[in-house]
>>> print(open('data-v3.pdb').read())   # PDB, C-alpha atoms and all ligand atoms
ATOM      1  CA  MET T   1     -21.293  -1.073 -10.614  1.00  0.00           C
ATOM      2  CA  ASN T   2     -20.222   2.322 -11.845  1.00  0.00           C
ATOM      3  CA  VAL T   3     -22.854   5.112 -11.650  1.00  0.00           C
ATOM      4  CA  LYS T   4     -22.709   8.310 -13.695  1.00  0.00           C
ATOM      5  CA  TYR T   5     -25.133  11.199 -13.277  1.00  0.00           C
ATOM      6  CA  PHE T   6     -26.093  13.588 -16.079  1.00  0.00           C
ATOM      7  CA  ASN T   7     -28.005  16.829 -15.778  1.00  0.00           C
ATOM      8  CA  SER T   8     -29.969  16.273 -18.970  1.00  0.00           C
ATOM      9  CA  TYR T   9     -31.422  13.462 -21.039  1.00  0.00           C
ATOM     10  CA  GLU T  10     -29.451  14.719 -24.039  1.00  0.00           C
ATOM     11  CA  SER T  11     -26.088  14.529 -22.275  1.00  0.00           C
ATOM     12  CA  MET T  12     -26.859  11.013 -21.009  1.00  0.00           C
ATOM     13  CA  SER T  13     -27.866   9.903 -24.512  1.00  0.00           C
ATOM     14  CA  TYR T  14     -24.757  11.477 -26.042  1.00  0.00           C
ATOM     15  CA  PHE T  15     -22.516   9.683 -23.551  1.00  0.00           C
ATOM     16  CA  ALA T  16     -24.213   6.332 -24.247  1.00  0.00           C
ATOM     17  CA  ALA T  17     -23.958   6.829 -28.017  1.00  0.00           C
ATOM     18  CA  SER T  18     -20.266   7.754 -27.784  1.00  0.00           C
ATOM     19  CA  LYS T  19     -19.558   4.628 -25.768  1.00  0.00           C
ATOM     20  CA  LEU T  20     -21.326   2.397 -28.319  1.00  0.00           C
ATOM     21  CA  ILE T  21     -19.603   4.122 -31.238  1.00  0.00           C
ATOM     22  CA  ARG T  22     -16.218   3.585 -29.595  1.00  0.00           C
ATOM     23  CA  ARG T  23     -16.916  -0.139 -29.243  1.00  0.00           C
ATOM     24  CA  ILE T  24     -18.287  -0.382 -32.805  1.00  0.00           C
ATOM     25  CA  ARG T  25     -15.060   1.123 -34.111  1.00  0.00           C
ATOM     26  CA  GLU T  26     -12.804  -1.065 -31.942  1.00  0.00           C
ATOM     27  CA  ILE T  27     -14.356  -4.445 -32.743  1.00  0.00           C
ATOM     28  CA  LYS T  28     -14.374  -6.104 -36.162  1.00  0.00           C
ATOM     29  CA  GLN T  29     -17.876  -7.537 -35.856  1.00  0.00           C
ATOM     30  CA  PRO T  30     -19.501  -5.907 -32.842  1.00  0.00           C
ATOM     31  CA  VAL T  31     -22.563  -7.470 -31.231  1.00  0.00           C
ATOM     32  CA  LEU T  32     -24.925  -5.048 -29.529  1.00  0.00           C
ATOM     33  CA  GLY T  33     -27.870  -5.839 -27.284  1.00  0.00           C
ATOM     34  CA  LEU T  34     -30.612  -3.261 -27.751  1.00  0.00           C
ATOM     35  CA  ALA T  35     -33.605  -2.106 -25.734  1.00  0.00           C
ATOM     36  CA  THR T  36     -36.866  -0.360 -26.572  1.00  0.00           C
ATOM     37  CA  GLY T  37     -39.106   2.037 -24.594  1.00  0.00           C
ATOM     38  CA  SER T  38     -38.731   5.784 -24.133  1.00  0.00           C
ATOM     39  CA  THR T  39     -35.326   5.722 -22.476  1.00  0.00           C
ATOM     40  CA  PRO T  40     -33.076   4.747 -25.426  1.00  0.00           C
ATOM     41  CA  LEU T  41     -34.779   7.011 -27.991  1.00  0.00           C
ATOM     42  CA  GLY T  42     -32.213   9.796 -27.481  1.00  0.00           C
ATOM     43  CA  LEU T  43     -29.389   7.278 -27.823  1.00  0.00           C
ATOM     44  CA  TYR T  44     -30.768   6.026 -31.156  1.00  0.00           C
ATOM     45  CA  GLN T  45     -31.291   9.585 -32.371  1.00  0.00           C
ATOM     46  CA  GLU T  46     -27.669  10.360 -31.573  1.00  0.00           C
ATOM     47  CA  LEU T  47     -26.427   7.191 -33.316  1.00  0.00           C
ATOM     48  CA  VAL T  48     -28.393   8.145 -36.446  1.00  0.00           C
ATOM     49  CA  SER T  49     -27.038  11.684 -36.299  1.00  0.00           C
ATOM     50  CA  GLN T  50     -23.425  10.465 -35.938  1.00  0.00           C
ATOM     51  CA  HIS T  51     -24.001   8.029 -38.796  1.00  0.00           C
ATOM     52  CA  ASN T  52     -25.292  10.861 -40.998  1.00  0.00           C
ATOM     53  CA  LYS T  53     -22.136  12.846 -40.203  1.00  0.00           C
ATOM     54  CA  GLY T  54     -20.045   9.882 -41.367  1.00  0.00           C
ATOM     55  CA  VAL T  55     -18.715   9.143 -37.876  1.00  0.00           C
ATOM     56  CA  VAL T  56     -19.976   5.562 -37.633  1.00  0.00           C
ATOM     57  CA  SER T  57     -21.056   2.737 -39.920  1.00  0.00           C
ATOM     58  CA  PHE T  58     -23.296  -0.131 -38.824  1.00  0.00           C
ATOM     59  CA  GLU T  59     -22.382  -2.351 -41.766  1.00  0.00           C
ATOM     60  CA  ASN T  60     -20.642  -4.943 -39.606  1.00  0.00           C
ATOM     61  CA  VAL T  61     -22.794  -4.604 -36.510  1.00  0.00           C
ATOM     62  CA  ILE T  62     -24.949  -7.475 -35.279  1.00  0.00           C
ATOM     63  CA  THR T  63     -27.834  -6.620 -32.947  1.00  0.00           C
ATOM     64  CA  PHE T  64     -30.088  -8.554 -30.620  1.00  0.00           C
ATOM     65  CA  ASN T  65     -33.164  -6.939 -29.133  1.00  0.00           C
ATOM     66  CA  LEU T  66     -34.222  -7.816 -25.635  1.00  0.00           C
ATOM     67  CA  ASP T  67     -37.871  -8.566 -26.214  1.00  0.00           C
ATOM     68  CA  GLU T  68     -41.025  -8.560 -28.307  1.00  0.00           C
ATOM     69  CA  TYR T  69     -44.723  -8.688 -27.501  1.00  0.00           C
ATOM     70  CA  VAL T  70     -46.421 -12.014 -28.167  1.00  0.00           C
ATOM     71  CA  GLY T  71     -48.833 -11.603 -31.090  1.00  0.00           C
ATOM     72  CA  LEU T  72     -47.198  -8.478 -32.562  1.00  0.00           C
ATOM     73  CA  GLY T  73     -44.728  -8.530 -35.384  1.00  0.00           C
ATOM     74  CA  ASP T  74     -43.518  -7.114 -38.672  1.00  0.00           C
ATOM     75  CA  SER T  75     -46.549  -5.143 -39.685  1.00  0.00           C
ATOM     76  CA  HIS T  76     -47.883  -4.041 -36.303  1.00  0.00           C
ATOM     77  CA  ALA T  77     -47.305  -0.359 -35.543  1.00  0.00           C
ATOM     78  CA  LYS T  78     -46.600  -1.050 -31.856  1.00  0.00           C
ATOM     79  CA  SER T  79     -44.336  -4.058 -32.201  1.00  0.00           C
ATOM     80  CA  TYR T  80     -40.772  -3.608 -31.042  1.00  0.00           C
ATOM     81  CA  LYS T  81     -39.617  -4.714 -34.465  1.00  0.00           C
ATOM     82  CA  THR T  82     -41.416  -1.699 -35.951  1.00  0.00           C
ATOM     83  CA  TYR T  83     -39.998   0.550 -33.205  1.00  0.00           C
ATOM     84  CA  MET T  84     -36.437  -0.545 -34.028  1.00  0.00           C
ATOM     85  CA  ARG T  85     -36.949  -0.074 -37.749  1.00  0.00           C
ATOM     86  CA  GLN T  86     -38.417   3.399 -37.227  1.00  0.00           C
ATOM     87  CA  HIS T  87     -35.812   4.657 -34.801  1.00  0.00           C
ATOM     88  CA  LEU T  88     -32.588   2.994 -35.912  1.00  0.00           C
ATOM     89  CA  ILE T  89     -32.430   0.071 -38.312  1.00  0.00           C
ATOM     90  CA  ASP T  90     -33.964   1.712 -41.390  1.00  0.00           C
ATOM     91  CA  LYS T  91     -32.145   4.988 -40.751  1.00  0.00           C
ATOM     92  CA  VAL T  92     -28.572   3.696 -40.924  1.00  0.00           C
ATOM     93  CA  ASP T  93     -26.569   1.262 -43.054  1.00  0.00           C
ATOM     94  CA  PHE T  94     -27.510  -1.916 -41.194  1.00  0.00           C
ATOM     95  CA  ASN T  95     -27.464  -5.252 -42.917  1.00  0.00           C
ATOM     96  CA  PRO T  96     -31.098  -6.262 -42.175  1.00  0.00           C
ATOM     97  CA  LYS T  97     -29.952  -9.877 -41.711  1.00  0.00           C
ATOM     98  CA  SER T  98     -27.859  -8.799 -38.743  1.00  0.00           C
ATOM     99  CA  PHE T  99     -30.810  -7.379 -36.797  1.00  0.00           C
ATOM    100  CA  HIS T 100     -32.327  -9.993 -34.472  1.00  0.00           C
ATOM    101  CA  ILE T 101     -35.483  -9.775 -32.393  1.00  0.00           C
ATOM    102  CA  PRO T 102     -37.714 -12.545 -31.010  1.00  0.00           C
ATOM    103  CA  ASN T 103     -40.605 -13.440 -33.304  1.00  0.00           C
ATOM    104  CA  GLY T 104     -43.719 -12.590 -31.295  1.00  0.00           C
ATOM    105  CA  GLN T 105     -45.873 -14.225 -33.941  1.00  0.00           C
ATOM    106  CA  ALA T 106     -44.215 -17.632 -33.818  1.00  0.00           C
ATOM    107  CA  ILE T 107     -46.739 -20.466 -33.657  1.00  0.00           C
ATOM    108  CA  ASP T 108     -44.544 -22.432 -31.271  1.00  0.00           C
ATOM    109  CA  LEU T 109     -43.302 -19.909 -28.712  1.00  0.00           C
ATOM    110  CA  GLU T 110     -41.132 -22.376 -26.788  1.00  0.00           C
ATOM    111  CA  LYS T 111     -39.328 -23.290 -29.975  1.00  0.00           C
ATOM    112  CA  GLU T 112     -38.866 -19.601 -30.801  1.00  0.00           C
ATOM    113  CA  CYS T 113     -37.330 -18.949 -27.363  1.00  0.00           C
ATOM    114  CA  ASN T 114     -34.885 -21.815 -27.884  1.00  0.00           C
ATOM    115  CA  ARG T 115     -34.037 -20.594 -31.387  1.00  0.00           C
ATOM    116  CA  TYR T 116     -33.304 -17.093 -30.069  1.00  0.00           C
ATOM    117  CA  GLU T 117     -31.189 -18.315 -27.175  1.00  0.00           C
ATOM    118  CA  SER T 118     -29.165 -20.580 -29.501  1.00  0.00           C
ATOM    119  CA  LEU T 119     -28.588 -17.677 -31.879  1.00  0.00           C
ATOM    120  CA  LEU T 120     -27.365 -15.555 -28.986  1.00  0.00           C
ATOM    121  CA  LEU T 121     -24.909 -18.269 -28.038  1.00  0.00           C
ATOM    122  CA  GLU T 122     -23.786 -18.746 -31.608  1.00  0.00           C
ATOM    123  CA  LYS T 123     -23.236 -15.057 -32.471  1.00  0.00           C
ATOM    124  CA  GLY T 124     -22.431 -13.790 -28.980  1.00  0.00           C
ATOM    125  CA  PRO T 125     -21.361 -12.898 -26.497  1.00  0.00           C
ATOM    126  CA  ILE T 126     -22.948  -9.486 -26.743  1.00  0.00           C
ATOM    127  CA  ASP T 127     -20.205  -6.868 -26.509  1.00  0.00           C
ATOM    128  CA  VAL T 128     -22.424  -4.131 -25.057  1.00  0.00           C
ATOM    129  CA  GLN T 129     -25.957  -4.647 -23.808  1.00  0.00           C
ATOM    130  CA  VAL T 130     -28.167  -1.557 -23.449  1.00  0.00           C
ATOM    131  CA  LEU T 131     -30.905  -1.767 -20.816  1.00  0.00           C
ATOM    132  CA  GLY T 132     -33.644   0.486 -19.486  1.00  0.00           C
ATOM    133  CA  LEU T 133     -35.003   0.191 -15.949  1.00  0.00           C
ATOM    134  CA  GLY T 134     -38.673  -0.616 -15.368  1.00  0.00           C
ATOM    135  CA  HIS T 135     -40.542   1.079 -12.514  1.00  0.00           C
ATOM    136  CA  ASN T 136     -40.872  -2.350 -10.908  1.00  0.00           C
ATOM    137  CA  GLY T 137     -37.178  -3.104 -11.455  1.00  0.00           C
ATOM    138  CA  HIS T 138     -37.618  -5.212 -14.560  1.00  0.00           C
ATOM    139  CA  ILE T 139     -34.831  -5.513 -17.116  1.00  0.00           C
ATOM    140  CA  GLY T 140     -35.970  -6.629 -20.545  1.00  0.00           C
ATOM    141  CA  PHE T 141     -39.374  -8.006 -19.631  1.00  0.00           C
ATOM    142  CA  ASN T 142     -38.017 -10.015 -16.719  1.00  0.00           C
ATOM    143  CA  GLU T 143     -40.648  -9.146 -14.154  1.00  0.00           C
ATOM    144  CA  PRO T 144     -40.251  -9.359 -10.342  1.00  0.00           C
ATOM    145  CA  GLY T 145     -39.950 -12.964  -9.218  1.00  0.00           C
ATOM    146  CA  THR T 146     -37.988 -14.103 -12.302  1.00  0.00           C
ATOM    147  CA  PRO T 147     -35.166 -16.467 -11.281  1.00  0.00           C
ATOM    148  CA  PHE T 148     -31.738 -15.159 -12.242  1.00  0.00           C
ATOM    149  CA  LYS T 149     -30.956 -18.384 -14.122  1.00  0.00           C
ATOM    150  CA  THR T 150     -33.618 -17.799 -16.809  1.00  0.00           C
ATOM    151  CA  LYS T 151     -32.752 -17.825 -20.479  1.00  0.00           C
ATOM    152  CA  THR T 152     -35.015 -16.493 -23.272  1.00  0.00           C
ATOM    153  CA  HIS T 153     -38.587 -17.269 -22.230  1.00  0.00           C
ATOM    154  CA  VAL T 154     -42.236 -16.289 -22.488  1.00  0.00           C
ATOM    155  CA  VAL T 155     -43.405 -14.000 -19.726  1.00  0.00           C
ATOM    156  CA  GLU T 156     -46.809 -12.869 -18.420  1.00  0.00           C
ATOM    157  CA  LEU T 157     -46.490  -9.107 -18.157  1.00  0.00           C
ATOM    158  CA  ASP T 158     -47.194  -7.443 -14.813  1.00  0.00           C
ATOM    159  CA  ILE T 159     -50.251  -5.235 -14.792  1.00  0.00           C
ATOM    160  CA  THR T 160     -47.956  -2.343 -13.741  1.00  0.00           C
ATOM    161  CA  THR T 161     -45.846  -2.914 -16.879  1.00  0.00           C
ATOM    162  CA  ARG T 162     -48.941  -3.053 -19.097  1.00  0.00           C
ATOM    163  CA  GLU T 163     -50.229   0.153 -17.505  1.00  0.00           C
ATOM    164  CA  ALA T 164     -46.864   1.892 -17.970  1.00  0.00           C
ATOM    165  CA  ASN T 165     -46.749   0.809 -21.628  1.00  0.00           C
ATOM    166  CA  SER T 166     -50.397   1.647 -22.318  1.00  0.00           C
ATOM    167  CA  ARG T 167     -49.219   5.132 -23.301  1.00  0.00           C
ATOM    168  CA  TYR T 168     -48.187   3.623 -26.646  1.00  0.00           C
ATOM    169  CA  PHE T 169     -51.606   1.988 -27.210  1.00  0.00           C
ATOM    170  CA  SER T 170     -55.131   3.390 -27.147  1.00  0.00           C
ATOM    171  CA  SER T 171     -55.912   1.597 -23.890  1.00  0.00           C
ATOM    172  CA  VAL T 172     -54.348  -0.816 -21.419  1.00  0.00           C
ATOM    173  CA  SER T 173     -56.563  -3.621 -22.721  1.00  0.00           C
ATOM    174  CA  GLU T 174     -54.749  -3.393 -26.060  1.00  0.00           C
ATOM    175  CA  VAL T 175     -51.326  -3.966 -24.498  1.00  0.00           C
ATOM    176  CA  PRO T 176     -50.404  -7.615 -25.070  1.00  0.00           C
ATOM    177  CA  LYS T 177     -50.460  -9.781 -21.956  1.00  0.00           C
ATOM    178  CA  ARG T 178     -47.352 -11.753 -22.822  1.00  0.00           C
ATOM    179  CA  SER T 179     -43.945 -11.198 -24.349  1.00  0.00           C
ATOM    180  CA  ILE T 180     -40.807 -13.108 -25.241  1.00  0.00           C
ATOM    181  CA  THR T 181     -37.789 -11.769 -23.422  1.00  0.00           C
ATOM    182  CA  MET T 182     -34.126 -12.565 -23.145  1.00  0.00           C
ATOM    183  CA  GLY T 183     -33.649 -13.995 -19.658  1.00  0.00           C
ATOM    184  CA  ILE T 184     -31.548 -12.588 -16.861  1.00  0.00           C
ATOM    185  CA  LYS T 185     -28.900 -15.242 -17.487  1.00  0.00           C
ATOM    186  CA  SER T 186     -28.821 -14.318 -21.196  1.00  0.00           C
ATOM    187  CA  ILE T 187     -28.353 -10.640 -20.280  1.00  0.00           C
ATOM    188  CA  LEU T 188     -25.606 -11.345 -17.747  1.00  0.00           C
ATOM    189  CA  ARG T 189     -23.552 -13.180 -20.403  1.00  0.00           C
ATOM    190  CA  SER T 190     -22.851  -9.816 -22.087  1.00  0.00           C
ATOM    191  CA  ASP T 191     -19.309  -8.484 -21.820  1.00  0.00           C
ATOM    192  CA  GLU T 192     -20.470  -5.043 -20.776  1.00  0.00           C
ATOM    193  CA  ILE T 193     -23.826  -3.592 -19.715  1.00  0.00           C
ATOM    194  CA  LEU T 194     -25.106  -0.018 -19.935  1.00  0.00           C
ATOM    195  CA  LEU T 195     -28.214   0.569 -17.837  1.00  0.00           C
ATOM    196  CA  LEU T 196     -29.922   3.845 -18.737  1.00  0.00           C
ATOM    197  CA  VAL T 197     -32.231   5.360 -16.130  1.00  0.00           C
ATOM    198  CA  SER T 198     -34.532   8.122 -17.238  1.00  0.00           C
ATOM    199  CA  GLY T 199     -38.186   9.053 -17.003  1.00  0.00           C
ATOM    200  CA  GLU T 200     -40.643  10.141 -14.407  1.00  0.00           C
ATOM    201  CA  GLY T 201     -40.928   8.077 -11.283  1.00  0.00           C
ATOM    202  CA  LYS T 202     -37.730   6.040 -11.652  1.00  0.00           C
ATOM    203  CA  ALA T 203     -36.170   7.413  -8.438  1.00  0.00           C
ATOM    204  CA  SER T 204     -37.447   4.663  -6.179  1.00  0.00           C
ATOM    205  CA  ALA T 205     -36.349   1.896  -8.561  1.00  0.00           C
ATOM    206  CA  LEU T 206     -32.924   3.542  -8.770  1.00  0.00           C
ATOM    207  CA  ASP T 207     -32.704   3.811  -4.972  1.00  0.00           C
ATOM    208  CA  LYS T 208     -33.531   0.121  -4.671  1.00  0.00           C
ATOM    209  CA  LEU T 209     -30.870  -0.764  -7.208  1.00  0.00           C
ATOM    210  CA  LEU T 210     -28.258   1.338  -5.448  1.00  0.00           C
ATOM    211  CA  SER T 211     -29.131  -0.176  -2.069  1.00  0.00           C
ATOM    212  CA  HIS T 212     -27.156  -3.230  -3.320  1.00  0.00           C
ATOM    213  CA  GLU T 213     -29.716  -5.667  -1.933  1.00  0.00           C
ATOM    214  CA  ILE T 214     -29.926  -8.630  -4.311  1.00  0.00           C
ATOM    215  CA  SER T 215     -33.357 -10.205  -4.711  1.00  0.00           C
ATOM    216  CA  LYS T 216     -35.298 -11.871  -7.490  1.00  0.00           C
ATOM    217  CA  GLU T 217     -38.201  -9.611  -6.505  1.00  0.00           C
ATOM    218  CA  PHE T 218     -36.130  -6.777  -7.990  1.00  0.00           C
ATOM    219  CA  PRO T 219     -34.693  -8.182 -11.254  1.00  0.00           C
ATOM    220  CA  ALA T 220     -32.255  -5.318 -11.919  1.00  0.00           C
ATOM    221  CA  SER T 221     -30.434  -6.261  -8.704  1.00  0.00           C
ATOM    222  CA  ALA T 222     -29.012  -9.237 -10.662  1.00  0.00           C
ATOM    223  CA  LEU T 223     -26.731  -6.680 -12.308  1.00  0.00           C
ATOM    224  CA  HIS T 224     -24.695  -6.585  -9.082  1.00  0.00           C
ATOM    225  CA  ARG T 225     -23.509 -10.072 -10.108  1.00  0.00           C
ATOM    226  CA  HIS T 226     -21.845  -8.634 -13.249  1.00  0.00           C
ATOM    227  CA  ASP T 227     -18.517  -6.838 -13.048  1.00  0.00           C
ATOM    228  CA  ALA T 228     -18.857  -4.398 -15.981  1.00  0.00           C
ATOM    229  CA  VAL T 229     -22.087  -2.512 -15.464  1.00  0.00           C
ATOM    230  CA  THR T 230     -22.344   1.248 -15.921  1.00  0.00           C
ATOM    231  CA  VAL T 231     -25.540   2.936 -14.780  1.00  0.00           C
ATOM    232  CA  LEU T 232     -26.249   6.216 -16.585  1.00  0.00           C
ATOM    233  CA  VAL T 233     -28.732   8.398 -14.737  1.00  0.00           C
ATOM    234  CA  ASP T 234     -30.586  11.344 -16.219  1.00  0.00           C
ATOM    235  CA  GLN T 235     -30.905  13.145 -12.903  1.00  0.00           C
ATOM    236  CA  SER T 236     -33.239  15.783 -14.283  1.00  0.00           C
ATOM    237  CA  SER T 237     -36.052  13.332 -14.958  1.00  0.00           C
ATOM    238  CA  LEU T 238     -35.999  11.571 -11.589  1.00  0.00           C
TER     239      LEU T 238
HETATM  240  P1  LIG Q   1     -39.070   3.211 -20.477  1.00  0.00           P
HETATM  241  O1  LIG Q   1     -39.139   1.695 -20.050  1.00  0.00           O
HETATM  242  O2  LIG Q   1     -37.762   3.388 -21.142  1.00  0.00           O
HETATM  243  O3  LIG Q   1     -40.201   3.388 -21.428  1.00  0.00           O
HETATM  244  O4  LIG Q   1     -39.200   4.016 -19.234  1.00  0.00           O
HETATM  245  C1  LIG Q   1     -38.061   1.109 -19.404  1.00  0.00           C
HETATM  246  C2  LIG Q   1     -38.374  -0.349 -19.198  1.00  0.00           C
HETATM  247  O5  LIG Q   1     -39.536  -0.678 -18.938  1.00  0.00           O
HETATM  248  O6  LIG Q   1     -37.458  -1.168 -19.316  1.00  0.00           O
END
>>> encode(input="data-v3.pdb", output="structure tokens", more="lines below")
Ligand code: PGA
Amino acid sequence: MNVKYFNSYESMSYFAASKLIRRIREIKQPVLGLATGSTPLGLYQELVSQHNKGVVSFENVITFNLDEYVGLGDSHAKSYKTYMRQHLIDKVDFNPKSFHIPNGQAIDLEKECNRYESLLLEKGPIDVQVLGLGHNGHIGFNEPGTPFKTKTHVVELDITTREANSRYFSSVSEVPKRSITMGIKSILRSDEILLLVSGEGKASALDKLLSHEISKEFPASALHRHDAVTVLVDQSSL
């Protein structure tokens, strides 16, 4: 695990964007794994800005998002599908058919998880997977206690996760209780992983990660089982 420290959020985001752009330009049909939340917003802003300058095209890029809330979808303002459209997909030259995210409104959630996992296997492996770090060590929505062998599945969100994400809703009771998430096994299949760490109160989660203790009670520790992980730390927000 390679760890890089940055003295600002902007410099971390710029570094992450440059790394993705390099891979997009190297590979004929790049497959990116994307995350939501506050952490990658600067990265997406930088990708849009570089696209507007003519530096990068997303025409041939395929993307897979990590997760989606159960019950929220296309038209919901707080769905992750809407987030991705607002911050990246609709702002660049993506082929909308190449943007994949679990369908949180599927009637049969088990079937949807299997569909998503099969699609990942068919189009993958993911060349670069972007991750954020949850305060409780979650990656995607894989909460503490998730076995490392899990594939895409439905998860009951921790109350701490719902409280952390309540800032996007009018109250914690509005935050969905479940989500569909790529599993830890699905994430670890990626060729390369970029874990971005930024935001108030992430220092203890980062310390735990860097202690190198591997435990399913701290899902991000599974990343020690992958040999191409770079952790980008915005030191100023810790
Ligand atoms: P954040 O969330 O980027 O909003 O801090 C990270 C996460 O929960 O994975």
>>> axis_aligned_box(input="data-v3.pdb", around="ligand LIG 1 (chain Q)", padding_each_side="6 Å", output="AutoDock Vina command-line options")
--center_x -38.8 --center_y 1.4 --center_z -20.2 --size_x 14.7 --size_y 17.2 --size_z 14.5
>>> closest_residue(input="data-v3.pdb", among="T:Asp74, T:Glu112, T:Glu192, T:Glu46", to="Asp127 of chain T", atoms="all atoms listed in the file")
T:Glu192
>>> closest_residue(input="data-v3.pdb", among="T:Leu195, T:Ile89, T:Val48, T:Ile24", to="ligand LIG 1 (chain Q)", atoms="only C-alpha atoms and all ligand atoms")
T:Leu195
>>> resolve_selection(input="data-v3.pdb", expression="the PyMOL selection byres (((chain T and resi 158) around 12) and not hetatm)", output="list in words")
Gly134, His135, Asn136, Gly137, His138, Phe141, Asn142, Glu143, Pro144, Gly145, Thr146, Val155, Glu156, Leu157, Ile159, Thr160, Thr161, Arg162, Glu163, Ala164, Asn165, Val172, Val175, Pro176, Lys177, Arg178 and Ser179 of chain T
>>> residues_near_ligand(input="data-v3.pdb", ligand="ligand LIG 1 (chain Q)", cutoff="6 Å", atoms="all atoms listed in the file", output="PyMOL selection string")
chain T and resi 37-39+132-134+139-140+199
>>> atom_distance(input="data-v3.pdb", atom1="atom CA of Leu66 of chain T", atom2="atom CA of Ser236 of chain T")
26.2 Å
>>> resolve_selection(input="data-v3.pdb", expression="the PyMOL selection byres (((chain T and resi 190) around 7) and not hetatm)", output="list in words")
Pro125, Ile126, Asp127, Val128, Gln129, Ile187, Leu188, Arg189, Asp191, Glu192 and Ile193 of chain T
